[in-house]
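Novice: The structure file coords29.pdb (PDB, C-alpha atoms and all ligand atoms) is provided below.
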```pdb
ATOM      1  CA  MET A  23    -100.401 136.939  71.449
ATOM      2  CA  LYS A  24    -102.240 136.556  68.178
ATOM      3  CA  GLY A  25    -101.425 133.553  65.996
ATOM      4  CA  VAL A  26    -100.102 133.828  62.451
ATOM      5  CA  ARG A  27    -102.473 132.841  59.652
ATOM      6  CA  ALA A  28    -101.618 135.045  56.682
ATOM      7  CA  ALA A  29     -98.812 134.528  54.185
ATOM      8  CA  VAL A  30     -98.001 137.325  51.775
ATOM      9  CA  ILE A  31     -96.181 136.279  48.610
ATOM     10  CA  PRO A  32     -94.839 139.092  46.409
ATOM     11  CA  ALA A  33     -95.068 138.033  42.759
ATOM     12  CA  ALA A  34     -95.130 141.327  40.898
ATOM     13  CA  GLY A  35     -91.614 141.262  39.442
ATOM     14  CA  LEU A  36     -90.945 141.342  35.707
ATOM     15  CA  GLY A  37     -88.603 138.370  35.731
ATOM     16  CA  THR A  38     -86.225 139.991  33.243
ATOM     17  CA  ARG A  39     -83.374 137.632  34.199
ATOM     18  CA  PHE A  40     -85.209 134.825  32.453
ATOM     19  CA  LEU A  41     -86.078 136.543  29.174
ATOM     20  CA  PRO A  42     -87.228 135.466  26.677
ATOM     21  CA  ALA A  43     -88.938 132.673  28.713
ATOM     22  CA  THR A  44     -90.695 135.274  30.859
ATOM     23  CA  LYS A  45     -91.860 137.532  28.036
ATOM     24  CA  ALA A  46     -95.412 136.150  28.177
ATOM     25  CA  MET A  47     -95.176 133.907  31.259
ATOM     26  CA  PRO A  48     -94.684 134.877  34.926
ATOM     27  CA  LYS A  49     -91.285 133.821  36.236
ATOM     28  CA  GLU A  50     -93.037 132.298  39.257
ATOM     29  CA  MET A  51     -94.442 129.659  36.885
ATOM     30  CA  LEU A  52     -91.032 128.361  35.783
ATOM     31  CA  PRO A  53     -91.136 124.653  36.586
ATOM     32  CA  VAL A  54     -88.877 122.896  39.028
ATOM     33  CA  VAL A  55     -89.076 119.585  37.125
ATOM     34  CA  ASP A  56     -92.872 119.526  36.773
ATOM     35  CA  LYS A  57     -94.182 121.861  39.455
ATOM     36  CA  PRO A  58     -94.121 125.665  39.208
ATOM     37  CA  ALA A  59     -91.590 127.075  41.679
ATOM     38  CA  ILE A  60     -94.306 129.176  43.307
ATOM     39  CA  GLN A  61     -96.348 126.096  44.250
ATOM     40  CA  PHE A  62     -93.482 124.906  46.477
ATOM     41  CA  VAL A  63     -93.656 128.254  48.268
ATOM     42  CA  VAL A  64     -97.419 128.042  48.841
ATOM     43  CA  GLU A  65     -97.019 124.452  50.055
ATOM     44  CA  GLU A  66     -94.377 125.600  52.543
ATOM     45  CA  ALA A  67     -96.711 128.289  53.918
ATOM     46  CA  VAL A  68     -99.607 125.848  54.233
ATOM     47  CA  ALA A  69     -97.399 123.239  55.951
ATOM     48  CA  ALA A  70     -96.616 125.905  58.598
ATOM     49  CA  GLY A  71    -100.338 126.504  59.199
ATOM     50  CA  LEU A  72    -100.580 129.650  57.074
ATOM     51  CA  ASP A  73    -103.691 128.910  55.065
ATOM     52  CA  ASP A  74    -104.573 132.457  54.063
ATOM     53  CA  VAL A  75    -102.341 133.348  51.142
ATOM     54  CA  LEU A  76    -102.199 136.777  49.547
ATOM     55  CA  PHE A  77    -100.299 137.180  46.289
ATOM     56  CA  ILE A  78     -99.081 140.631  45.326
ATOM     57  CA  THR A  79     -99.227 140.516  41.552
ATOM     58  CA  SER A  80     -98.994 142.835  38.580
ATOM     59  CA  ARG A  81     -99.933 142.884  34.916
ATOM     60  CA  GLY A  82     -99.197 139.633  33.087
ATOM     61  CA  LYS A  83     -99.633 137.240  36.025
ATOM     62  CA  ARG A  84    -102.765 135.562  34.753
ATOM     63  CA  ALA A  85    -101.107 132.128  34.409
ATOM     64  CA  LEU A  86    -100.272 132.239  38.109
ATOM     65  CA  GLU A  87    -103.900 132.968  39.026
ATOM     66  CA  ASP A  88    -105.097 130.231  36.681
ATOM     67  CA  HIS A  89    -102.690 127.756  38.248
ATOM     68  CA  PHE A  90    -104.282 128.117  41.683
ATOM     69  CA  ASP A  91    -107.807 128.118  40.227
ATOM     70  CA  ARG A  92    -109.794 125.119  39.013
ATOM     71  CA  ASN A  93    -109.469 123.946  35.424
ATOM     72  CA  THR A  94    -112.800 122.168  34.971
ATOM     73  CA  GLU A  95    -112.225 121.340  31.310
ATOM     74  CA  LEU A  96    -109.005 119.501  32.147
ATOM     75  CA  GLU A  97    -110.604 117.853  35.182
ATOM     76  CA  VAL A  98    -113.510 116.509  33.087
ATOM     77  CA  ALA A  99    -111.142 115.212  30.403
ATOM     78  CA  LEU A 100    -109.031 113.370  32.998
ATOM     79  CA  GLN A 101    -112.123 112.006  34.753
ATOM     80  CA  GLU A 102    -113.385 110.604  31.447
ATOM     81  CA  LYS A 103    -110.049 108.853  30.993
ATOM     82  CA  ASN A 104    -110.153 107.579  34.589
ATOM     83  CA  ASP A 105    -106.719 109.130  35.060
ATOM     84  CA  SER A 106    -106.981 109.726  38.792
ATOM     85  CA  ASP A 107    -103.241 110.356  39.281
ATOM     86  CA  ARG A 108    -103.137 113.273  36.859
ATOM     87  CA  LEU A 109    -106.498 114.505  38.124
ATOM     88  CA  ALA A 110    -104.995 114.703  41.620
ATOM     89  CA  LEU A 111    -101.999 116.649  40.255
ATOM     90  CA  THR A 112    -104.394 119.082  38.579
ATOM     91  CA  GLN A 113    -106.399 119.628  41.751
ATOM     92  CA  GLU A 114    -103.442 119.777  44.135
ATOM     93  CA  SER A 115    -102.790 123.495  43.721
ATOM     94  CA  THR A 116    -106.495 124.414  43.848
ATOM     95  CA  ASP A 117    -107.223 122.890  47.231
ATOM     96  CA  LEU A 118    -104.119 124.134  49.033
ATOM     97  CA  ALA A 119    -105.275 127.339  50.685
ATOM     98  CA  ARG A 120    -107.590 130.329  50.526
ATOM     99  CA  ILE A 121    -105.787 132.400  47.942
ATOM    100  CA  HIS A 122    -106.291 136.117  47.366
ATOM    101  CA  TYR A 123    -104.724 138.590  44.982
ATOM    102  CA  VAL A 124    -103.958 142.268  45.085
ATOM    103  CA  ARG A 125    -102.093 144.198  42.444
ATOM    104  CA  GLN A 126     -99.093 146.428  42.827
ATOM    105  CA  GLY A 127     -99.700 148.968  40.055
ATOM    106  CA  GLN A 128     -96.163 150.326  40.033
ATOM    107  CA  ALA A 129     -92.892 148.490  40.670
ATOM    108  CA  LEU A 130     -91.666 150.675  43.545
ATOM    109  CA  GLY A 131     -89.845 147.982  45.515
ATOM    110  CA  LEU A 132     -90.389 145.071  47.896
ATOM    111  CA  GLY A 133     -91.396 147.373  50.772
ATOM    112  CA  HIS A 134     -94.036 148.964  48.561
ATOM    113  CA  ALA A 135     -95.293 145.518  47.487
ATOM    114  CA  ILE A 136     -95.750 144.558  51.159
ATOM    115  CA  LEU A 137     -97.746 147.764  51.743
ATOM    116  CA  MET A 138    -100.307 146.456  49.229
ATOM    117  CA  ALA A 139    -101.149 143.765  51.827
ATOM    118  CA  GLU A 140    -102.168 146.278  54.508
ATOM    119  CA  ASN A 141    -105.946 146.112  54.016
ATOM    120  CA  HIS A 142    -105.985 142.341  53.815
ATOM    121  CA  VAL A 143    -103.701 141.658  56.766
ATOM    122  CA  GLY A 144    -104.963 144.394  59.131
ATOM    123  CA  ASP A 145    -103.493 144.300  62.639
ATOM    124  CA  GLN A 146    -102.297 140.687  62.583
ATOM    125  CA  PRO A 147     -98.715 139.464  62.399
ATOM    126  CA  PHE A 148     -98.048 137.867  59.017
ATOM    127  CA  ALA A 149     -95.426 135.959  57.083
ATOM    128  CA  VAL A 150     -93.758 137.064  53.863
ATOM    129  CA  LEU A 151     -92.311 134.422  51.539
ATOM    130  CA  LEU A 152     -90.188 135.449  48.560
ATOM    131  CA  GLY A 153     -90.619 133.142  45.592
ATOM    132  CA  ASP A 154     -86.955 133.128  44.548
ATOM    133  CA  ASP A 155     -85.977 131.216  47.687
ATOM    134  CA  LEU A 156     -87.073 127.601  47.964
ATOM    135  CA  ILE A 157     -86.676 126.049  51.396
ATOM    136  CA  ASP A 158     -86.414 122.263  51.347
ATOM    137  CA  GLU A 159     -89.525 120.759  52.912
ATOM    138  CA  ARG A 160     -87.253 118.553  55.057
ATOM    139  CA  ASP A 161     -85.781 121.658  56.718
ATOM    140  CA  PRO A 162     -88.779 123.885  57.530
ATOM    141  CA  ILE A 163     -87.939 127.252  59.103
ATOM    142  CA  LEU A 164     -91.308 129.049  59.377
ATOM    143  CA  PRO A 165     -92.449 127.042  62.444
ATOM    144  CA  ARG A 166     -89.294 128.085  64.313
ATOM    145  CA  MET A 167     -89.790 131.714  63.243
ATOM    146  CA  ILE A 168     -93.379 131.575  64.561
ATOM    147  CA  GLU A 169     -92.093 130.208  67.906
ATOM    148  CA  VAL A 170     -89.547 133.020  68.150
ATOM    149  CA  ARG A 171     -92.219 135.627  67.426
ATOM    150  CA  GLU A 172     -94.393 134.064  70.146
ATOM    151  CA  LYS A 173     -91.519 134.269  72.618
ATOM    152  CA  PHE A 174     -90.125 137.735  71.835
ATOM    153  CA  GLY A 175     -92.872 139.548  69.909
ATOM    154  CA  GLY A 176     -91.739 142.013  67.243
ATOM    155  CA  SER A 177     -90.583 140.791  63.841
ATOM    156  CA  VAL A 178     -88.448 137.812  62.890
ATOM    157  CA  ILE A 179     -86.219 137.442  59.847
ATOM    158  CA  CYS A 180     -84.416 134.432  58.473
ATOM    159  CA  LEU A 181     -80.624 134.694  58.331
ATOM    160  CA  MET A 182     -78.118 132.479  56.575
ATOM    161  CA  GLN A 183     -74.358 132.711  56.592
ATOM    162  CA  VAL A 184     -73.065 133.128  53.055
ATOM    163  CA  PRO A 185     -69.531 133.423  51.645
ATOM    164  CA  GLN A 186     -68.417 137.006  52.345
ATOM    165  CA  GLU A 187     -68.045 137.782  48.619
ATOM    166  CA  ASP A 188     -71.743 136.980  48.076
ATOM    167  CA  ILE A 189     -73.115 139.281  50.784
ATOM    168  CA  SER A 190     -73.689 142.159  48.354
ATOM    169  CA  LEU A 191     -76.505 140.122  46.752
ATOM    170  CA  TYR A 192     -78.552 140.243  49.960
ATOM    171  CA  GLY A 193     -79.800 142.321  52.823
ATOM    172  CA  CYS A 194     -77.142 142.006  55.540
ATOM    173  CA  ALA A 195     -77.630 142.041  59.333
ATOM    174  CA  ALA A 196     -75.360 143.081  62.187
ATOM    175  CA  VAL A 197     -76.250 140.822  65.091
ATOM    176  CA  ALA A 198     -75.778 140.123  68.789
ATOM    177  CA  PRO A 199     -76.272 136.753  70.516
ATOM    178  CA  THR A 200     -79.328 135.782  72.580
ATOM    179  CA  ASP A 201     -79.820 132.904  75.017
ATOM    180  CA  ASN A 202     -80.865 130.707  72.105
ATOM    181  CA  ASP A 203     -78.076 129.511  69.790
ATOM    182  CA  ASP A 204     -80.206 129.821  66.662
ATOM    183  CA  VAL A 205     -81.675 133.247  67.501
ATOM    184  CA  LEU A 206     -79.817 136.547  67.052
ATOM    185  CA  GLU A 207     -80.735 140.076  68.022
ATOM    186  CA  VAL A 208     -80.643 142.274  64.919
ATOM    187  CA  THR A 209     -78.776 145.504  65.664
ATOM    188  CA  ASP A 210     -78.330 146.908  62.151
ATOM    189  CA  LEU A 211     -79.430 146.120  58.595
ATOM    190  CA  ILE A 212     -78.055 147.179  55.217
ATOM    191  CA  GLU A 213     -79.612 146.303  51.874
ATOM    192  CA  LYS A 214     -77.027 144.805  49.500
ATOM    193  CA  PRO A 215     -73.877 146.393  51.014
ATOM    194  CA  ALA A 216     -70.522 146.474  49.252
ATOM    195  CA  VAL A 217     -68.457 143.544  50.576
ATOM    196  CA  ALA A 218     -66.135 145.968  52.414
ATOM    197  CA  ASP A 219     -69.078 147.668  54.191
ATOM    198  CA  ALA A 220     -70.898 144.501  55.278
ATOM    199  CA  PRO A 221     -71.091 144.195  59.071
ATOM    200  CA  SER A 222     -71.316 140.374  58.895
ATOM    201  CA  ASN A 223     -71.895 137.517  56.482
ATOM    202  CA  TYR A 224     -75.454 136.991  57.740
ATOM    203  CA  ALA A 225     -77.717 137.339  54.687
ATOM    204  CA  ILE A 226     -81.463 137.858  54.828
ATOM    205  CA  ILE A 227     -83.204 134.925  53.192
ATOM    206  CA  GLY A 228     -86.692 135.420  51.773
ATOM    207  CA  ARG A 229     -88.756 134.448  54.808
ATOM    208  CA  TYR A 230     -90.051 137.095  57.214
ATOM    209  CA  LEU A 231     -92.511 137.184  60.073
ATOM    210  CA  LEU A 232     -93.651 140.747  60.413
ATOM    211  CA  ASP A 233     -95.398 142.676  63.122
ATOM    212  CA  PRO A 234     -98.247 144.733  61.624
ATOM    213  CA  ALA A 235     -96.385 147.846  62.834
ATOM    214  CA  VAL A 236     -94.365 147.393  59.636
ATOM    215  CA  PHE A 237     -97.171 149.063  57.648
ATOM    216  CA  GLU A 238     -96.973 152.330  59.547
ATOM    217  CA  VAL A 239     -93.190 152.253  59.098
ATOM    218  CA  LEU A 240     -93.400 151.446  55.373
ATOM    219  CA  HIS A 241     -95.727 154.421  54.825
ATOM    220  CA  ARG A 242     -92.891 156.696  55.874
ATOM    221  CA  THR A 243     -89.958 154.726  54.424
ATOM    222  CA  LYS A 244     -88.190 156.739  51.732
ATOM    223  CA  PRO A 245     -86.828 155.082  48.596
ATOM    224  CA  GLY A 246     -83.473 153.484  49.389
ATOM    225  CA  ARG A 247     -81.108 151.293  47.382
ATOM    226  CA  GLY A 248     -81.926 151.328  43.668
ATOM    227  CA  GLY A 249     -84.515 154.083  44.273
ATOM    228  CA  GLU A 250     -86.894 151.428  45.664
ATOM    229  CA  ILE A 251     -88.813 151.299  48.936
ATOM    230  CA  GLN A 252     -86.867 148.574  50.716
ATOM    231  CA  LEU A 253     -88.325 146.176  53.270
ATOM    232  CA  THR A 254     -84.837 145.991  54.791
ATOM    233  CA  ASP A 255     -84.958 149.743  55.582
ATOM    234  CA  ALA A 256     -88.355 149.358  57.272
ATOM    235  CA  LEU A 257     -86.991 146.439  59.322
ATOM    236  CA  LEU A 258     -84.059 148.577  60.457
ATOM    237  CA  GLU A 259     -86.533 151.156  61.704
ATOM    238  CA  LEU A 260     -88.565 148.419  63.452
ATOM    239  CA  SER A 261     -85.398 147.166  65.152
ATOM    240  CA  LYS A 262     -84.979 150.568  66.806
ATOM    241  CA  MET A 263     -88.593 150.849  67.994
ATOM    242  CA  SER A 264     -89.809 149.768  71.440
ATOM    243  CA  PRO A 265     -91.653 146.456  71.981
ATOM    244  CA  GLU A 266     -94.767 148.439  73.029
ATOM    245  CA  THR A 267     -95.077 149.830  69.506
ATOM    246  CA  GLY A 268     -94.378 146.537  67.715
ATOM    247  CA  GLY A 269     -90.609 147.063  67.506
ATOM    248  CA  GLY A 270     -87.735 144.616  67.832
ATOM    249  CA  VAL A 271     -86.262 142.343  65.171
ATOM    250  CA  ARG A 272     -84.666 138.959  65.732
ATOM    251  CA  GLY A 273     -83.046 136.670  63.218
ATOM    252  CA  VAL A 274     -83.433 132.912  63.153
ATOM    253  CA  VAL A 275     -80.353 131.258  61.701
ATOM    254  CA  PHE A 276     -81.144 128.849  58.897
ATOM    255  CA  THR A 277     -78.683 126.012  58.286
ATOM    256  CA  GLY A 278     -80.883 123.781  56.121
ATOM    257  CA  ARG A 279     -81.171 123.229  52.401
ATOM    258  CA  ARG A 280     -82.188 126.259  50.344
ATOM    259  CA  TYR A 281     -82.405 126.607  46.607
ATOM    260  CA  ASP A 282     -82.231 129.911  44.804
ATOM    261  CA  THR A 283     -84.366 130.124  41.676
ATOM    262  CA  GLY A 284     -83.722 133.839  41.142
ATOM    263  CA  ASP A 285     -81.113 133.579  38.393
ATOM    264  CA  LYS A 286     -80.432 131.147  35.569
ATOM    265  CA  LEU A 287     -77.490 129.240  36.992
ATOM    266  CA  SER A 288     -78.931 128.851  40.508
ATOM    267  CA  TYR A 289     -82.274 127.875  39.006
ATOM    268  CA  LEU A 290     -80.691 125.132  36.903
ATOM    269  CA  LYS A 291     -78.766 123.837  39.914
ATOM    270  CA  ALA A 292     -81.999 123.751  41.935
ATOM    271  CA  VAL A 293     -83.814 121.839  39.193
ATOM    272  CA  ILE A 294     -80.990 119.300  38.827
ATOM    273  CA  ARG A 295     -80.580 118.831  42.570
ATOM    274  CA  LEU A 296     -84.301 118.274  43.158
ATOM    275  CA  ALA A 297     -84.681 116.113  40.045
ATOM    276  CA  THR A 298     -81.904 113.772  41.210
ATOM    277  CA  GLU A 299     -83.812 113.238  44.448
ATOM    278  CA  ARG A 300     -87.070 112.276  42.767
ATOM    279  CA  GLU A 301     -88.116 108.647  43.004
ATOM    280  CA  ASP A 302     -89.419 108.495  39.442
ATOM    281  CA  ILE A 303     -86.612 110.077  37.451
ATOM    282  CA  GLY A 304     -83.838 110.492  40.057
ATOM    283  CA  PRO A 305     -82.004 107.165  39.724
ATOM    284  CA  GLU A 306     -81.811 107.345  35.936
ATOM    285  CA  LEU A 307     -80.819 111.014  35.965
ATOM    286  CA  ARG A 308     -78.036 110.372  38.485
ATOM    287  CA  THR A 309     -76.658 107.524  36.375
ATOM    288  CA  TRP A 310     -76.837 109.680  33.252
ATOM    289  CA  LEU A 311     -75.102 112.629  34.966
ATOM    290  CA  ALA A 312     -72.312 110.368  36.211
ATOM    291  CA  GLU A 313     -71.748 109.042  32.696
ATOM    292  CA  GLN A 314     -71.466 112.449  31.040
ATOM    293  CA  ASP A 315     -68.195 113.936  29.940
ATOM    294  CA  PHE A 316     -68.687 117.688  30.355
ATOM    295  CA  SER A 317     -65.199 118.583  29.164
ATOM    296  CA  GLY A 318     -66.519 119.797  25.817
TER     297      GLY A 318
HETATM  298  C1  LIG A 401     -84.703 140.722  48.512
HETATM  299  C2  LIG A 401     -84.407 141.574  49.747
HETATM  300  C3  LIG A 401     -83.036 141.206  50.316
HETATM  301  C4  LIG A 401     -82.975 139.719  50.600
HETATM  302  C5  LIG A 401     -83.349 138.904  49.351
HETATM  303  C6  LIG A 401     -83.479 137.428  49.713
HETATM  304  O1  LIG A 401     -83.817 141.091  47.485
HETATM  305  O2  LIG A 401     -84.469 142.940  49.385
HETATM  306  O3  LIG A 401     -82.808 141.931  51.499
HETATM  307  O4  LIG A 401     -81.689 139.373  51.045
HETATM  308  O5  LIG A 401     -84.591 139.329  48.793
HETATM  309  O6  LIG A 401     -83.687 136.626  48.589
HETATM  310  P1  LIG A 401     -84.012 140.649  45.947
HETATM  311  O7  LIG A 401     -83.340 139.301  45.832
HETATM  312  O8  LIG A 401     -85.479 140.575  45.700
HETATM  313  O9  LIG A 401     -83.324 141.686  45.143
END
```
Let me see the file written as structure tokens.
Specialist:
Amino acid sequence: MKGVRAAVIPAAGLGTRFLPATKAMPKEMLPVVDKPAIQFVVEEAVAAGLDDVLFITSRGKRALEDHFDRNTELEVALQEKNDSDRLALTQESTDLARIHYVRQGQALGLGHAILMAENHVGDQPFAVLLGDDLIDERDPILPRMIEVREKFGGSVICLMQVPQEDISLYGCAAVAPTDNDDVLEVTDLIEKPAVADAPSNYAIIGRYLLDPAVFEVLHRTKPGRGGEIQLTDALLELSKMSPETGGGVRGVVFTGRRYDTGDKLSYLKAVIRLATEREDIGPELRTWLAEQDFSG
């Protein structure tokens, strides 16, 4: 069984939910306190041993590329000031991983974005990390997903139970138990079902471990929900294929801390939650929050 080295991070979206902030700045660069959200995602991949990172980008993502590149002018200025702490913060994102970029010329959906990774990834299994989902570093899930792939082969998705009324925001899986409590056999998948049509409250969270057979499937996946080529539809097809051809999909159940940065309210909650836990500003922020009267 081949190991997993590559992480694919789709970052081609327009980020319209955060306009006007995202008019001239990629949404992936929105800070969670003082670090761009996307850096947490790259750090998570690297912590799981995935040191080959491929971003799928689009027009207007230059700030993201600059963030993971060196900024020699800034480095020299900080060196001259002997400010080693800030110098380290500047270099942190540069030294993380081998980072590559490929563009998705047209916004044809998540499945289409993943297809852009085909040449880079080749015939290796690979991870996909969606930037809107932040997984707390204290509750890593990728290592468990890699173990499950090693045991069963095929592809592995990350599932989380959500309140039934929220299921229409996610891809939803019908599942059957396996011998492992935290691993489920995926028997059906529907992208963003109406609440009444959802076969379960297991939502797909933005972490995937994909067999390279997904590329062949994506090439023939027709546009689905919203007229977009959906990764969920390709996974459904993979779930029906035999293990000999790279088929089979299991879900690992995630019960840890996850923060959604995909819409304004969730993003603000994520920032506040993580800020309160910081050693530098956390104690004062918590005191301040407790003192506030939010009644208007
Ligand atoms: C995507 C996937 C969806 C998944 C979600 C997780 O949707 O299509 O199946 O549940 O990510 O965050 P998006 O949120 O990009 O619309």
Novice: How would you report the residues lying within 9 Å of ligand LIG 401 (chain A), as a PyMOL selection string, if you count all atoms listed in the file?
Specialist: chain A and resi 35+131-133+152-155+181+189-194+211-214+225-229+252-254+282+284
Novice: Would you save the residues of that selection, restricted to C-alpha atoms, as a PDB file, in the frame of the given file?
Specialist:
```pdb
ATOM      1  CA  GLY A  35     -91.614 141.262  39.442  1.00  0.00           C
ATOM      2  CA  GLY A 131     -89.845 147.982  45.515  1.00  0.00           C
ATOM      3  CA  LEU A 132     -90.389 145.071  47.896  1.00  0.00           C
ATOM      4  CA  GLY A 133     -91.396 147.373  50.772  1.00  0.00           C
ATOM      5  CA  LEU A 152     -90.188 135.449  48.560  1.00  0.00           C
ATOM      6  CA  GLY A 153     -90.619 133.142  45.592  1.00  0.00           C
ATOM      7  CA  ASP A 154     -86.955 133.128  44.548  1.00  0.00           C
ATOM      8  CA  ASP A 155     -85.977 131.216  47.687  1.00  0.00           C
ATOM      9  CA  LEU A 181     -80.624 134.694  58.331  1.00  0.00           C
ATOM     10  CA  ILE A 189     -73.115 139.281  50.784  1.00  0.00           C
ATOM     11  CA  SER A 190     -73.689 142.159  48.354  1.00  0.00           C
ATOM     12  CA  LEU A 191     -76.505 140.122  46.752  1.00  0.00           C
ATOM     13  CA  TYR A 192     -78.552 140.243  49.960  1.00  0.00           C
ATOM     14  CA  GLY A 193     -79.800 142.321  52.823  1.00  0.00           C
ATOM     15  CA  CYS A 194     -77.142 142.006  55.540  1.00  0.00           C
ATOM     16  CA  LEU A 211     -79.430 146.120  58.595  1.00  0.00           C
ATOM     17  CA  ILE A 212     -78.055 147.179  55.217  1.00  0.00           C
ATOM     18  CA  GLU A 213     -79.612 146.303  51.874  1.00  0.00           C
ATOM     19  CA  LYS A 214     -77.027 144.805  49.500  1.00  0.00           C
ATOM     20  CA  ALA A 225     -77.717 137.339  54.687  1.00  0.00           C
ATOM     21  CA  ILE A 226     -81.463 137.858  54.828  1.00  0.00           C
ATOM     22  CA  ILE A 227     -83.204 134.925  53.192  1.00  0.00           C
ATOM     23  CA  GLY A 228     -86.692 135.420  51.773  1.00  0.00           C
ATOM     24  CA  ARG A 229     -88.756 134.448  54.808  1.00  0.00           C
ATOM     25  CA  GLN A 252     -86.867 148.574  50.716  1.00  0.00           C
ATOM     26  CA  LEU A 253     -88.325 146.176  53.270  1.00  0.00           C
ATOM     27  CA  THR A 254     -84.837 145.991  54.791  1.00  0.00           C
ATOM     28  CA  ASP A 282     -82.231 129.911  44.804  1.00  0.00           C
ATOM     29  CA  GLY A 284     -83.722 133.839  41.142  1.00  0.00           C
TER      30      GLY A 284
END
```
Novice: Would you write out, as a Markdown table, a table of all residues in region 158-184 of chain A that have an atom no more than 12 Å from an atom of region 50-67 of chain A, listing for each the closest atom pair and the distance in Å to one decimal, considering only C-alpha atoms and ordering rows by chain and rising residue number?
Specialist:
```
| residue | atom | partner | partner_atom | distance |
| --- | --- | --- | --- | --- |
| A:Asp158 | CA | A:Glu66 | CA | 8.7 |
| A:Glu159 | CA | A:Glu66 | CA | 6.9 |
| A:Arg160 | CA | A:Glu66 | CA | 10.3 |
| A:Asp161 | CA | A:Glu66 | CA | 10.3 |
| A:Pro162 | CA | A:Glu66 | CA | 7.7 |
| A:Ile163 | CA | A:Glu66 | CA | 9.3 |
| A:Leu164 | CA | A:Ala67 | CA | 7.7 |
| A:Pro165 | CA | A:Ala67 | CA | 9.6 |
| A:Ile168 | CA | A:Ala67 | CA | 11.6 |
```
Novice: Quick one: which residues end up in the PyMOL selection byres (((chain A and resi 119) around 8) and not hetatm) for this structure, as a list in words?
Specialist: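 The output of the PyMOL selection byres (((chain A and resi 119) around 8) and not hetatm) on this file is Val68, Asp73, Asp74, Val75, Thr116, Asp117, Leu118, Arg120 and Ile121 of chain A.
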Novice: Hey, what comes out of the PyMOL selection byres (((chain A and resi 129) around 12) and not hetatm) on this file? Could you write it as a ChimeraX atom specification?
Specialist: /A:32-36,78-81,125-128,130-136,138,245,248-252
Novice: I need the chosen residues saved as a PDB file, keeping the file's coordinate frame, with C-alpha atoms.
Specialist:
```pdb
ATOM      1  CA  PRO A  32     -94.839 139.092  46.409  1.00  0.00           C
ATOM      2  CA  ALA A  33     -95.068 138.033  42.759  1.00  0.00           C
ATOM      3  CA  ALA A  34     -95.130 141.327  40.898  1.00  0.00           C
ATOM      4  CA  GLY A  35     -91.614 141.262  39.442  1.00  0.00           C
ATOM      5  CA  LEU A  36     -90.945 141.342  35.707  1.00  0.00           C
ATOM      6  CA  ILE A  78     -99.081 140.631  45.326  1.00  0.00           C
ATOM      7  CA  THR A  79     -99.227 140.516  41.552  1.00  0.00           C
ATOM      8  CA  SER A  80     -98.994 142.835  38.580  1.00  0.00           C
ATOM      9  CA  ARG A  81     -99.933 142.884  34.916  1.00  0.00           C
ATOM     10  CA  ARG A 125    -102.093 144.198  42.444  1.00  0.00           C
ATOM     11  CA  GLN A 126     -99.093 146.428  42.827  1.00  0.00           C
ATOM     12  CA  GLY A 127     -99.700 148.968  40.055  1.00  0.00           C
ATOM     13  CA  GLN A 128     -96.163 150.326  40.033  1.00  0.00           C
ATOM     14  CA  LEU A 130     -91.666 150.675  43.545  1.00  0.00           C
ATOM     15  CA  GLY A 131     -89.845 147.982  45.515  1.00  0.00           C
ATOM     16  CA  LEU A 132     -90.389 145.071  47.896  1.00  0.00           C
ATOM     17  CA  GLY A 133     -91.396 147.373  50.772  1.00  0.00           C
ATOM     18  CA  HIS A 134     -94.036 148.964  48.561  1.00  0.00           C
ATOM     19  CA  ALA A 135     -95.293 145.518  47.487  1.00  0.00           C
ATOM     20  CA  ILE A 136     -95.750 144.558  51.159  1.00  0.00           C
ATOM     21  CA  MET A 138    -100.307 146.456  49.229  1.00  0.00           C
ATOM     22  CA  PRO A 245     -86.828 155.082  48.596  1.00  0.00           C
ATOM     23  CA  GLY A 248     -81.926 151.328  43.668  1.00  0.00           C
ATOM     24  CA  GLY A 249     -84.515 154.083  44.273  1.00  0.00           C
ATOM     25  CA  GLU A 250     -86.894 151.428  45.664  1.00  0.00           C
ATOM     26  CA  ILE A 251     -88.813 151.299  48.936  1.00  0.00           C
ATOM     27  CA  GLN A 252     -86.867 148.574  50.716  1.00  0.00           C
TER      28      GLN A 252
END
```
Novice: I'd like the contact shell of region 268-274 of chain A - 6 Å cut-off, only C-alpha atoms, skipping same-chain residues fewer than 3 positions apart - returned as a list in words.
Specialist: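 My list of contacting residues is Gly176, Ser177, Val178, Ile179, Cys180, Leu181, Asp204, Val205, Leu206, Glu207, Val208, Ala235, Leu260, Ser261, Met263, Ser264 and Pro265 of chain A.
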Novice: Taking all atoms of region 114-127 of chain A that appear in the file, build a box with edges along x, y and z, extend it by 6 Å on every side, and state its centre and edge lengths in Å to one decimal, as JSON.
Specialist:
```
{"center_x": -103.3, "center_y": 134.4, "center_z": 45.4, "size_x": 20.5, "size_y": 41.2, "size_z": 22.6}
```
Novice: For CA of Val30 (chain A) and CA of Arg166 (chain A), determine how far apart the two atoms are, in Å to one decimal place.
Specialist: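 Calculated distance between CA of Val30 (chain A) and CA of Arg166 (chain A) is 17.8 Å.
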Novice: Using all atoms listed in the file - which residues lie no farther than 6 Å from the point (-102.3, 136.0, 44.6) in the file's frame? Write them as a list in words.
Specialist: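 Checked against the point, the hits come out as Leu76, Phe77, Ile78, His122 and Tyr123 of chain A.
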Novice: Could you save those same residues with C-alpha atoms as a PDB file, in the frame of the given file?
Specialist:
```pdb
ATOM      1  CA  LEU A  76    -102.199 136.777  49.547  1.00  0.00           C
ATOM      2  CA  PHE A  77    -100.299 137.180  46.289  1.00  0.00           C
ATOM      3  CA  ILE A  78     -99.081 140.631  45.326  1.00  0.00           C
ATOM      4  CA  HIS A 122    -106.291 136.117  47.366  1.00  0.00           C
ATOM      5  CA  TYR A 123    -104.724 138.590  44.982  1.00  0.00           C
TER       6      TYR A 123
END
```
